[in-house]
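**Student:** Just work-v1.txt, nothing more (compact mmCIF, C-alpha atoms):
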```
# COMPACT_ATOMS: atom_id res chain seq x y z
CA MET A 1 -29.72 -37.43 -34.76
CA SER A 2 -32.81 -35.47 -35.87
CA VAL A 3 -32.87 -31.75 -36.55
CA ARG A 4 -34.94 -31.32 -33.43
CA ALA A 5 -32.36 -33.20 -31.36
CA ARG A 6 -29.55 -31.10 -32.83
CA ALA A 7 -31.42 -27.95 -31.89
CA VAL A 8 -31.90 -29.11 -28.33
CA GLY A 9 -28.26 -30.19 -28.15
CA ALA A 10 -27.22 -26.76 -29.38
CA GLY A 11 -29.37 -25.28 -26.63
CA VAL A 12 -27.50 -27.30 -24.02
CA GLY A 13 -24.20 -26.08 -25.43
CA ALA A 14 -25.41 -22.51 -25.46
CA VAL A 15 -26.53 -22.69 -21.84
CA LEU A 16 -23.25 -24.24 -20.71
CA PHE A 17 -21.10 -21.91 -22.81
CA GLY A 18 -23.07 -18.89 -21.70
CA GLY A 19 -22.67 -19.98 -18.10
CA VAL A 20 -18.92 -20.20 -18.53
CA ILE A 21 -18.77 -16.73 -20.10
CA LEU A 22 -20.96 -15.24 -17.37
CA ALA A 23 -18.96 -16.94 -14.66
CA GLN A 24 -15.77 -15.54 -16.11
CA GLY A 25 -17.33 -12.09 -16.25
CA ALA A 26 -18.27 -12.36 -12.60
CA GLY A 27 -14.71 -13.07 -11.47
CA PRO A 28 -12.84 -11.36 -8.66
CA ALA A 29 -13.27 -7.62 -8.41
CA VAL A 30 -9.53 -7.10 -8.71
CA ALA A 31 -9.81 -7.90 -12.38
CA ALA A 32 -13.22 -6.29 -12.84
CA ALA A 33 -12.35 -2.94 -11.35
CA GLY A 34 -10.86 -1.83 -14.66
CA ALA A 35 -8.27 0.51 -13.20
CA LYS A 36 -4.84 0.19 -14.69
CA SER A 37 -2.31 -1.03 -12.17
CA PRO A 38 1.03 0.77 -11.89
CA GLU A 39 3.95 -0.69 -13.78
CA LYS A 40 7.53 -1.35 -12.80
CA PHE A 41 9.89 1.58 -13.29
CA THR A 42 13.53 2.52 -12.71
CA ILE A 43 14.55 5.70 -10.89
CA GLU A 44 16.71 7.41 -13.51
CA ASP A 45 18.01 10.42 -11.54
CA PRO A 46 21.76 9.89 -10.86
CA ARG A 47 21.40 12.00 -7.69
CA ILE A 48 19.10 9.39 -6.14
CA THR A 49 21.44 6.64 -5.02
CA GLU A 50 19.85 5.71 -1.68
CA SER A 51 16.10 5.88 -2.18
CA SER A 52 15.00 5.13 1.35
CA GLY A 53 11.33 6.12 1.34
CA LEU A 54 8.48 6.12 -1.17
CA ALA A 55 5.03 7.72 -1.16
CA ALA A 56 2.39 7.98 -3.86
CA SER A 57 1.31 11.55 -4.56
CA ARG A 58 -2.26 12.55 -3.77
CA ALA A 59 -2.19 15.58 -6.06
CA HIS A 60 -0.43 14.23 -9.14
CA ARG A 61 -1.21 10.99 -10.91
CA ASN A 62 1.66 8.51 -11.38
CA ILE A 63 4.00 10.62 -9.23
CA TYR A 64 5.98 9.19 -6.30
CA TRP A 65 7.92 11.12 -3.68
CA THR A 66 11.29 9.79 -2.59
CA HIS A 67 14.55 10.96 -0.99
CA ASN A 68 18.06 9.79 -0.27
CA ASP A 69 19.08 8.24 3.01
CA SER A 70 21.83 10.50 4.40
CA ASP A 71 24.63 12.80 3.20
CA ASP A 72 22.47 14.23 0.44
CA GLY A 73 20.97 17.44 1.78
CA PRO A 74 17.41 18.69 2.38
CA TYR A 75 15.92 17.39 -0.87
CA VAL A 76 12.75 15.51 -1.73
CA TYR A 77 12.22 14.30 -5.29
CA ALA A 78 9.04 13.81 -7.34
CA VAL A 79 9.56 10.87 -9.71
CA ASP A 80 7.25 10.03 -12.62
CA GLY A 81 6.26 6.37 -12.36
CA ARG A 82 5.80 6.14 -16.14
CA THR A 83 9.30 7.26 -17.09
CA GLY A 84 11.34 7.04 -13.88
CA LYS A 85 12.48 10.62 -14.40
CA THR A 86 12.54 13.29 -11.70
CA VAL A 87 9.99 16.00 -12.52
CA ALA A 88 10.51 18.20 -9.46
CA THR A 89 12.99 18.71 -6.64
CA VAL A 90 11.78 20.26 -3.40
CA THR A 91 14.44 21.88 -1.21
CA LEU A 92 13.62 22.18 2.49
CA ARG A 93 14.78 25.59 3.65
CA GLY A 94 16.53 25.75 7.04
CA ILE A 95 16.87 21.96 7.37
CA ASP A 96 20.11 20.08 7.92
CA PRO A 97 18.92 16.46 7.86
CA ARG A 98 20.69 13.79 9.86
CA ASP A 99 19.22 10.48 8.65
CA VAL A 100 16.09 10.77 6.52
CA GLU A 101 14.40 7.38 6.24
CA ALA A 102 10.74 7.77 5.31
CA VAL A 103 8.14 9.86 3.51
CA SER A 104 4.34 9.80 3.60
CA VAL A 105 1.48 11.94 2.26
CA GLY A 106 -1.34 12.79 4.64
CA PRO A 107 -5.05 13.32 3.98
CA ASP A 108 -4.44 17.07 4.21
CA GLY A 109 -2.28 16.85 1.09
CA ASP A 110 0.90 17.54 3.05
CA VAL A 111 4.13 15.60 2.62
CA TYR A 112 5.68 14.29 5.84
CA VAL A 113 9.40 13.50 5.81
CA GLY A 114 10.83 11.36 8.61
CA ASP A 115 14.34 12.27 9.79
CA ILE A 116 14.06 9.33 12.17
CA GLY A 117 17.03 7.06 11.48
CA ASP A 118 19.48 6.18 14.22
CA ASN A 119 22.28 3.95 12.98
CA LEU A 120 23.64 3.75 16.53
CA ASP A 121 20.45 1.86 17.44
CA GLY A 122 18.82 4.25 19.84
CA THR A 123 21.32 6.96 20.71
CA TRP A 124 19.73 10.23 19.58
CA PRO A 125 17.47 11.68 22.31
CA GLU A 126 15.16 13.14 19.67
CA VAL A 127 14.39 12.91 15.97
CA TRP A 128 12.33 15.08 13.62
CA ILE A 129 9.49 15.15 11.13
CA TYR A 130 9.33 17.80 8.41
CA ARG A 131 6.01 18.73 6.82
CA PHE A 132 5.17 20.80 3.74
CA PRO A 133 2.18 21.11 1.38
CA GLU A 134 2.40 19.01 -1.74
CA PRO A 135 3.14 21.48 -4.60
CA GLU A 136 0.28 22.23 -6.96
CA LYS A 137 2.69 22.38 -9.89
CA LEU A 138 5.58 20.00 -10.41
CA ARG A 139 8.69 22.11 -10.72
CA ASP A 140 11.82 22.75 -8.70
CA THR A 141 10.96 24.79 -5.64
CA THR A 142 12.13 25.72 -2.15
CA VAL A 143 9.76 25.53 0.82
CA THR A 144 9.98 26.26 4.53
CA PRO A 145 8.63 23.12 6.23
CA THR A 146 7.06 22.80 9.64
CA ARG A 147 9.45 20.94 11.92
CA TYR A 148 8.25 18.59 14.68
CA THR A 149 10.44 17.24 17.46
CA VAL A 150 9.80 13.57 18.26
CA ARG A 151 10.67 11.48 21.29
CA TYR A 152 9.62 7.94 22.15
CA GLU A 153 7.97 6.70 25.27
CA GLY A 154 10.60 4.50 26.89
CA GLY A 155 13.63 6.17 25.32
CA PRO A 156 15.34 6.52 21.91
CA ARG A 157 14.68 4.09 19.08
CA ASN A 158 16.06 3.44 15.63
CA ALA A 159 13.34 3.72 12.99
CA GLU A 160 12.93 3.79 9.23
CA SER A 161 9.13 3.66 8.83
CA LEU A 162 6.80 6.65 9.09
CA MET A 163 3.14 6.41 8.08
CA VAL A 164 0.38 9.04 8.11
CA HIS A 165 -3.09 7.55 8.38
CA PRO A 166 -5.07 8.55 5.27
CA LYS A 167 -8.28 9.26 7.19
CA THR A 168 -7.33 10.52 10.63
CA GLY A 169 -4.04 12.21 9.72
CA ARG A 170 -2.37 10.69 12.78
CA VAL A 171 1.33 9.89 12.40
CA TYR A 172 2.82 6.49 13.26
CA ILE A 173 6.39 5.24 13.38
CA ALA A 174 7.58 1.62 13.34
CA SER A 175 10.90 1.12 15.11
CA LYS A 176 13.56 -1.19 13.70
CA SER A 177 15.17 -3.87 15.85
CA SER A 178 17.38 -6.79 14.85
CA LYS A 179 16.40 -8.51 18.11
CA GLY A 180 12.70 -8.78 17.29
CA LYS A 181 11.76 -6.09 19.79
CA GLY A 182 10.56 -3.42 17.38
CA GLY A 183 7.29 -1.65 17.90
CA LEU A 184 4.59 0.47 16.32
CA TYR A 185 4.35 3.93 17.90
CA ALA A 186 1.49 6.41 17.68
CA GLY A 187 2.07 10.12 17.77
CA PRO A 188 -0.28 12.62 19.38
CA ARG A 189 -3.59 13.03 17.56
CA LYS A 190 -2.29 16.40 16.44
CA LEU A 191 1.41 17.19 16.19
CA THR A 192 2.72 20.38 17.74
CA ALA A 193 5.61 22.45 16.41
CA SER A 194 6.10 24.30 19.70
CA GLY A 195 7.01 21.39 21.94
CA VAL A 196 7.95 17.72 22.04
CA ASN A 197 5.73 15.09 20.43
CA THR A 198 5.86 11.85 22.42
CA PHE A 199 5.19 8.69 20.41
CA ARG A 200 3.71 5.83 22.46
CA ARG A 201 3.99 2.11 21.69
CA ILE A 202 0.72 0.46 20.65
CA ALA A 203 1.93 -2.85 19.16
CA GLY A 204 4.99 -5.03 18.68
CA VAL A 205 6.87 -5.57 15.41
CA ASP A 206 9.05 -8.68 15.48
CA PHE A 207 11.25 -7.95 12.44
CA GLU A 208 13.48 -5.20 11.08
CA ALA A 209 10.94 -2.85 9.49
CA THR A 210 12.50 -0.66 6.80
CA ASP A 211 9.31 1.12 5.69
CA GLY A 212 5.53 1.02 5.96
CA ALA A 213 2.38 2.28 4.27
CA PHE A 214 -1.36 2.49 4.86
CA SER A 215 -3.90 1.48 2.23
CA PRO A 216 -5.84 4.47 0.84
CA ASP A 217 -8.93 3.50 2.86
CA GLY A 218 -6.89 3.16 6.05
CA THR A 219 -7.93 -0.42 6.82
CA ARG A 220 -4.63 -2.10 5.97
CA LEU A 221 -1.03 -1.49 7.00
CA VAL A 222 1.93 -3.06 5.22
CA LEU A 223 5.35 -3.10 6.88
CA ARG A 224 8.34 -4.33 4.93
CA ALA A 225 11.76 -5.65 5.83
CA TYR A 226 14.75 -6.12 3.52
CA PHE A 227 13.40 -9.31 1.94
CA SER A 228 9.86 -9.70 3.26
CA ALA A 229 6.66 -7.79 4.02
CA THR A 230 3.71 -8.29 6.36
CA ALA A 231 0.12 -7.09 6.06
CA TYR A 232 -1.99 -6.06 9.06
CA ARG A 233 -5.61 -5.17 9.62
CA TRP A 234 -5.97 -1.78 11.28
CA LYS A 235 -8.16 -2.25 14.35
CA SER A 236 -10.46 0.38 15.92
CA GLY A 237 -8.71 3.31 14.34
CA GLY A 238 -5.37 2.02 15.61
CA ASP A 239 -6.27 2.39 19.28
CA GLY A 240 -6.87 -1.35 19.43
CA GLY A 241 -3.58 -2.17 17.75
CA ILE A 242 -3.07 -4.24 14.63
CA GLU A 243 -4.05 -7.75 13.55
CA ARG A 244 -1.44 -9.66 11.61
CA LEU A 245 -2.87 -11.07 8.38
CA GLY A 246 0.17 -12.70 6.82
CA SER A 247 3.03 -12.16 4.44
CA VAL A 248 3.00 -10.21 1.20
CA PRO A 249 5.20 -11.32 -1.73
CA VAL A 250 8.27 -9.12 -2.14
CA PRO A 251 10.41 -8.93 -5.30
CA LEU A 252 14.10 -9.73 -4.96
CA GLN A 253 15.90 -6.39 -4.61
CA ARG A 254 19.39 -5.26 -3.73
CA GLN A 255 18.39 -3.67 -0.42
CA GLY A 256 14.67 -3.45 0.16
CA GLU A 257 14.02 -0.06 1.76
CA SER A 258 10.65 1.36 0.77
CA VAL A 259 6.99 0.58 0.18
CA THR A 260 3.86 2.53 -0.72
CA PHE A 261 0.30 1.76 -1.73
CA ALA A 262 -0.79 2.75 -5.20
CA PRO A 263 -3.95 4.89 -5.29
CA ASP A 264 -5.97 1.88 -6.52
CA GLY A 265 -5.58 0.26 -3.08
CA ARG A 266 -4.94 -3.11 -4.70
CA THR A 267 -1.24 -2.69 -5.39
CA VAL A 268 1.83 -2.00 -3.28
CA LEU A 269 5.10 -0.80 -4.78
CA PHE A 270 8.45 -1.88 -3.36
CA GLY A 271 11.62 0.17 -3.80
CA SER A 272 15.30 -0.38 -3.15
CA GLU A 273 18.46 1.59 -2.53
CA GLY A 274 21.20 1.86 -5.13
CA ARG A 275 21.81 3.80 -8.32
CA ALA A 276 19.12 3.22 -10.96
CA SER A 277 17.04 1.31 -8.42
CA GLU A 278 13.82 -0.35 -9.51
CA VAL A 279 10.34 0.16 -8.09
CA GLU A 280 8.21 -2.95 -8.54
CA PRO A 281 4.44 -3.38 -8.06
CA VAL A 282 2.81 -6.36 -6.36
CA GLU A 283 -0.95 -6.91 -6.42
CA LEU A 284 -2.50 -7.88 -3.12
CA SER A 285 -4.86 -10.80 -2.66
CA GLY A 286 -6.69 -12.61 0.08
CA SER A 287 -7.24 -10.87 3.38
CA ALA A 288 -4.44 -8.40 2.66
CA LEU A 289 -6.65 -6.80 0.01
CA PRO A 290 -8.84 -4.03 1.49
CA SER A 291 -12.54 -4.67 0.95
CA SER A 292 -12.95 -1.20 -0.54
CA ALA A 293 -10.54 -2.23 -3.32
CA ARG A 294 -12.95 -4.94 -4.45
CA GLU A 295 -15.95 -4.28 -6.63
CA GLY A 296 -18.91 -3.71 -4.37
CA GLY A 297 -16.65 -4.00 -1.33
CA GLY A 298 -17.99 -1.68 1.38
CA GLY A 299 -14.89 -0.56 3.17
CA GLY A 300 -16.09 2.53 4.94
CA GLY A 301 -12.61 3.91 4.97
CA ASP A 302 -12.62 5.37 8.43
CA GLY A 303 -9.80 3.16 9.56
CA SER A 304 -11.94 1.29 12.07
CA ALA A 305 -12.42 -2.43 12.20
CA GLY A 306 -16.14 -1.98 11.75
CA SER A 307 -15.62 -0.46 8.32
CA ASP A 308 -13.80 -3.48 6.98
CA ASP A 309 -14.47 -7.16 6.40
CA LYS A 310 -13.56 -8.97 9.59
CA GLY A 311 -13.63 -12.44 8.18
CA GLY A 312 -10.42 -12.14 6.22
CA ARG A 313 -12.07 -13.21 2.97
CA GLY A 314 -9.88 -13.39 -0.07
CA ALA A 315 -10.26 -11.35 -3.20
CA GLY A 316 -13.31 -12.43 -5.18
CA GLU A 317 -15.02 -13.90 -2.14
CA GLY A 318 -17.78 -12.28 -0.13
CA GLU A 319 -20.46 -10.70 -2.33
CA ASP A 320 -18.67 -11.67 -5.52
CA GLY A 321 -18.36 -15.25 -4.29
CA HIS A 322 -22.09 -15.48 -3.55
CA SER A 323 -22.87 -14.07 -7.01
CA ASN A 324 -20.69 -16.72 -8.62
CA LEU A 325 -22.40 -19.49 -6.66
CA LEU A 326 -25.86 -18.25 -7.65
CA LEU A 327 -24.80 -17.96 -11.27
CA ALA A 328 -23.35 -21.46 -11.28
CA GLY A 329 -26.56 -22.85 -9.76
CA ALA A 330 -28.74 -21.11 -12.32
CA THR A 331 -26.55 -22.37 -15.15
CA PHE A 332 -26.70 -25.94 -13.86
CA ALA A 333 -30.48 -25.78 -13.43
CA GLY A 334 -30.91 -24.50 -17.00
CA ALA A 335 -28.71 -27.27 -18.35
CA VAL A 336 -30.74 -29.90 -16.49
CA VAL A 337 -34.01 -28.58 -17.95
CA VAL A 338 -32.64 -28.61 -21.50
CA TRP A 339 -31.11 -32.07 -21.03
CA ALA A 340 -34.49 -33.42 -19.86
CA ALA A 341 -36.08 -32.04 -23.02
CA LEU A 342 -33.39 -33.70 -25.10
CA ARG A 343 -34.08 -37.08 -23.50
CA ARG A 344 -37.77 -36.74 -24.34
CA VAL A 345 -36.84 -36.05 -27.96
CA PHE A 346 -34.71 -39.22 -28.12
CA ARG A 347 -37.47 -41.30 -26.57
CA ARG A 348 -40.01 -40.05 -29.07
CA GLY A 349 -37.58 -40.76 -31.88
CA ARG A 350 -37.17 -44.38 -30.74
CA GLY A 351 -40.94 -44.75 -30.34
```
So, in terms of C-alpha cells, how does the structure I just supplied come out?

**Tutor:**
Amino acid sequence: MSVRARAVGAGVGAVLFGGVILAQGAGPAVAAAGAKSPEKFTIEDPRITESSGLAASRAHRNIYWTHNDSDDGPYVYAVDGRTGKTVATVTLRGIDPRDVEAVSVGPDGDVYVGDIGDNLDGTWPEVWIYRFPEPEKLRDTTVTPTRYTVRYEGGPRNAESLMVHPKTGRVYIASKSSKGKGGLYAGPRKLTASGVNTFRRIAGVDFEATDGAFSPDGTRLVLRAYFSATAYRWKSGGDGGIERLGSVPVPLQRQGESVTFAPDGRTVLFGSEGRASEVEPVELSGSALPSSAREGGGGGGDGSAGSDDKGGRGAGEGEDGHSNLLLAGATFAGAVVVWAALRRVFRRGRG
C-alpha cells in the first residue's frame, strides 16, 4: 500500500475512533452529571437497633436522619453517611412516642417525624406527626416540636410511610395492609396544630408499604416493602393521583424498613432494622429516573405532570438519545467520505 493510501486509511481509523470516543462521551446523563453518588454505610450507633425511617438532610451534606421503631424514647438521630456514626441526637421535649415509623424533611427545612404505626392494624383513633426545624449545627440538643393530630378519612389505619412533598410541603401517608388494600393519603394543604388533620385517600397501594420518599424535584415517589420497591410518577401535584412506573431493585436486607432519595435525585438508599444495619444505595434508571436528574433534563420540579417527561423515557434517552443518533450519523457520513477517497487512491494506483 502506498504512503498516500496509508494516510487515507489512517484518516478512516481516526474518524471511526473519534466517533467512538465522542459517542462514549455523549452517554447517559447519569454518568455525565459528575456528582458523586452516596456509598453504602453501616449505622454504628448501638442505640439504633430498629432504624425504621430514613431521610436525607437538606442542611447538612451526607447526613441522614433516622430513629428507632418503638420503646426507645423521643429521639431522632443524625447519622453521617460517610462513617455511619451518629453526629447528633435530637430529643423531642414533651413527647412520649407510641410507634414512630417514618421521618421526612420538608422544603421548609423542618424535620417531620411520623408516630403513625398501629401494630393492631387500625385500632388507634388518632396518630401524630412531630415537626421541628433541622438544627443548623450538628450536636446533641433538645427541641420542643410542633405536634399534629392525624385521623384518616374512613377510620384508623396502620401506616409506616410518611412523605413531605419537596415543593409543596404537603404531607402524605401510605397505609400498610397485608390484604392489598393499602392507600396513599393526603393531608390538608397546611397542617394545623390546634385541631384534627384529616388525611384523605387519593390512590391505592396494593402491597405492604414500609416507607416512602419523594425525589428532590417532586416528580417521582418511591414506596418500598420488605423485599421490593415501586416507583410512581407524581401526577398533577398529587391531586390526580399517581402513575405506577414499575419496580425498583432492592438489596437483600434483614427487614427492609426505610428508603430515602439522595440529594442527587438519581439514587435511592434503602435501610433495614437490626443492630449495625446497613444502608445501601441503588441508582435509578429508565422511567423511574426523574428527568431533572439527567443532564439537560428539564424537570420543572413543581411536582406536576407537566414539569416532567410523560413518555417514560429511560436514562440517556430523550435529548441525549437524539444527540447520540446525530453524532453516530455524522461519524458514519465522515467515514463514507474518507472511504470513497481511499477507493480512488487504489484505483489510481492500479492505473

**Student:** Tell me which protein, DNA and RNA residues are within 9 Å of Leu191 (chain A), counting all atoms listed in the file, leaving out same-chain ones fewer than 2 positions away, and put them as a PyMOL selection string.

**Tutor:** chain A and resi 148+170-171+187-189+193+196-197

**Student:** Between CA of Arg147 (chain A) and CA of Gly195 (chain A), what is the spacing in Å?

**Tutor:**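 Pair CA of Gly195 (chain A) / CA of Arg147 (chain A) returns 10.3 Å.
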
**Student:** So how many Å separate CA of Thr230 (chain A) and CA of Arg200 (chain A), to one decimal?

**Tutor:**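 Separation between CA of Thr230 (chain A) and CA of Arg200 (chain A): 21.4 Å.
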
**Student:** Could you tell me which of A:Gln253, A:Thr192, A:Thr198, A:Thr123 comes closest to Arg151 (chain A) if we count all atoms listed in the file?

**Tutor:** A:Thr198

**Student:** So what do you get for CA of Tyr226 (chain A) versus CA of Leu162 (chain A), distance-wise?

**Tutor:**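 Atom-to-atom, CA of Tyr226 (chain A) and CA of Leu162 (chain A) are spaced 16.0 Å apart.
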
**Student:** Could you give me, as JSON lines, every region 124-222 of chain A residue with an atom at most 9 Å from region 262-276 of chain A, plus its closest atom pair and distance in Å to one decimal, counting only C-alpha atoms, rows ordered by chain then number?

**Tutor:**
```
{"residue": "A:Ala213", "atom": "CA", "partner": "A:Val268", "partner_atom": "CA", "distance": 8.7}
{"residue": "A:Ser215", "atom": "CA", "partner": "A:Gly265", "partner_atom": "CA", "distance": 5.7}
{"residue": "A:Pro216", "atom": "CA", "partner": "A:Gly265", "partner_atom": "CA", "distance": 5.8}
{"residue": "A:Asp217", "atom": "CA", "partner": "A:Gly265", "partner_atom": "CA", "distance": 7.6}
{"residue": "A:Val222", "atom": "CA", "partner": "A:Val268", "partner_atom": "CA", "distance": 8.6}
```

**Student:** Need to verify the contact set: Pro156 (chain A), 10 Å, only C-alpha atoms, exclusion of same-chain residues closer than 2 positions in sequence. Can you return it as number ranges by chain?

**Tutor:** A: 118, 121-127, 150-154, 158-159, 175

**Student:** Restrict the selected residues to C-alpha atoms and save them as a PDB file, in the frame of the given file.

**Tutor:**
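Here's the written file out34.pdb:
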```pdb
ATOM      1  CA  ASP A 118      19.480   6.180  14.220  1.00  0.00           C
ATOM      2  CA  ASP A 121      20.450   1.860  17.440  1.00  0.00           C
ATOM      3  CA  GLY A 122      18.820   4.250  19.840  1.00  0.00           C
ATOM      4  CA  THR A 123      21.320   6.960  20.710  1.00  0.00           C
ATOM      5  CA  TRP A 124      19.730  10.230  19.580  1.00  0.00           C
ATOM      6  CA  PRO A 125      17.470  11.680  22.310  1.00  0.00           C
ATOM      7  CA  GLU A 126      15.160  13.140  19.670  1.00  0.00           C
ATOM      8  CA  VAL A 127      14.390  12.910  15.970  1.00  0.00           C
ATOM      9  CA  VAL A 150       9.800  13.570  18.260  1.00  0.00           C
ATOM     10  CA  ARG A 151      10.670  11.480  21.290  1.00  0.00           C
ATOM     11  CA  TYR A 152       9.620   7.940  22.150  1.00  0.00           C
ATOM     12  CA  GLU A 153       7.970   6.700  25.270  1.00  0.00           C
ATOM     13  CA  GLY A 154      10.600   4.500  26.890  1.00  0.00           C
ATOM     14  CA  ASN A 158      16.060   3.440  15.630  1.00  0.00           C
ATOM     15  CA  ALA A 159      13.340   3.720  12.990  1.00  0.00           C
ATOM     16  CA  SER A 175      10.900   1.120  15.110  1.00  0.00           C
TER      17      SER A 175
END
```

**Student:** What would the list of residues within 12 Å of (-1.0, -15.5, 7.3) (file frame) look like as a count of residues only, if all atoms listed in the file are what count?

**Tutor:** 18

**Student:** Would you list the contacts of Ser228 (chain A) as a PyMOL selection string, taking every protein, DNA or RNA residue within 10 Å and counting all atoms listed in the file, but skipping same-chain residues closer than 4 positions in sequence?

**Tutor:** chain A and resi 207-209+223-224+247-252+256
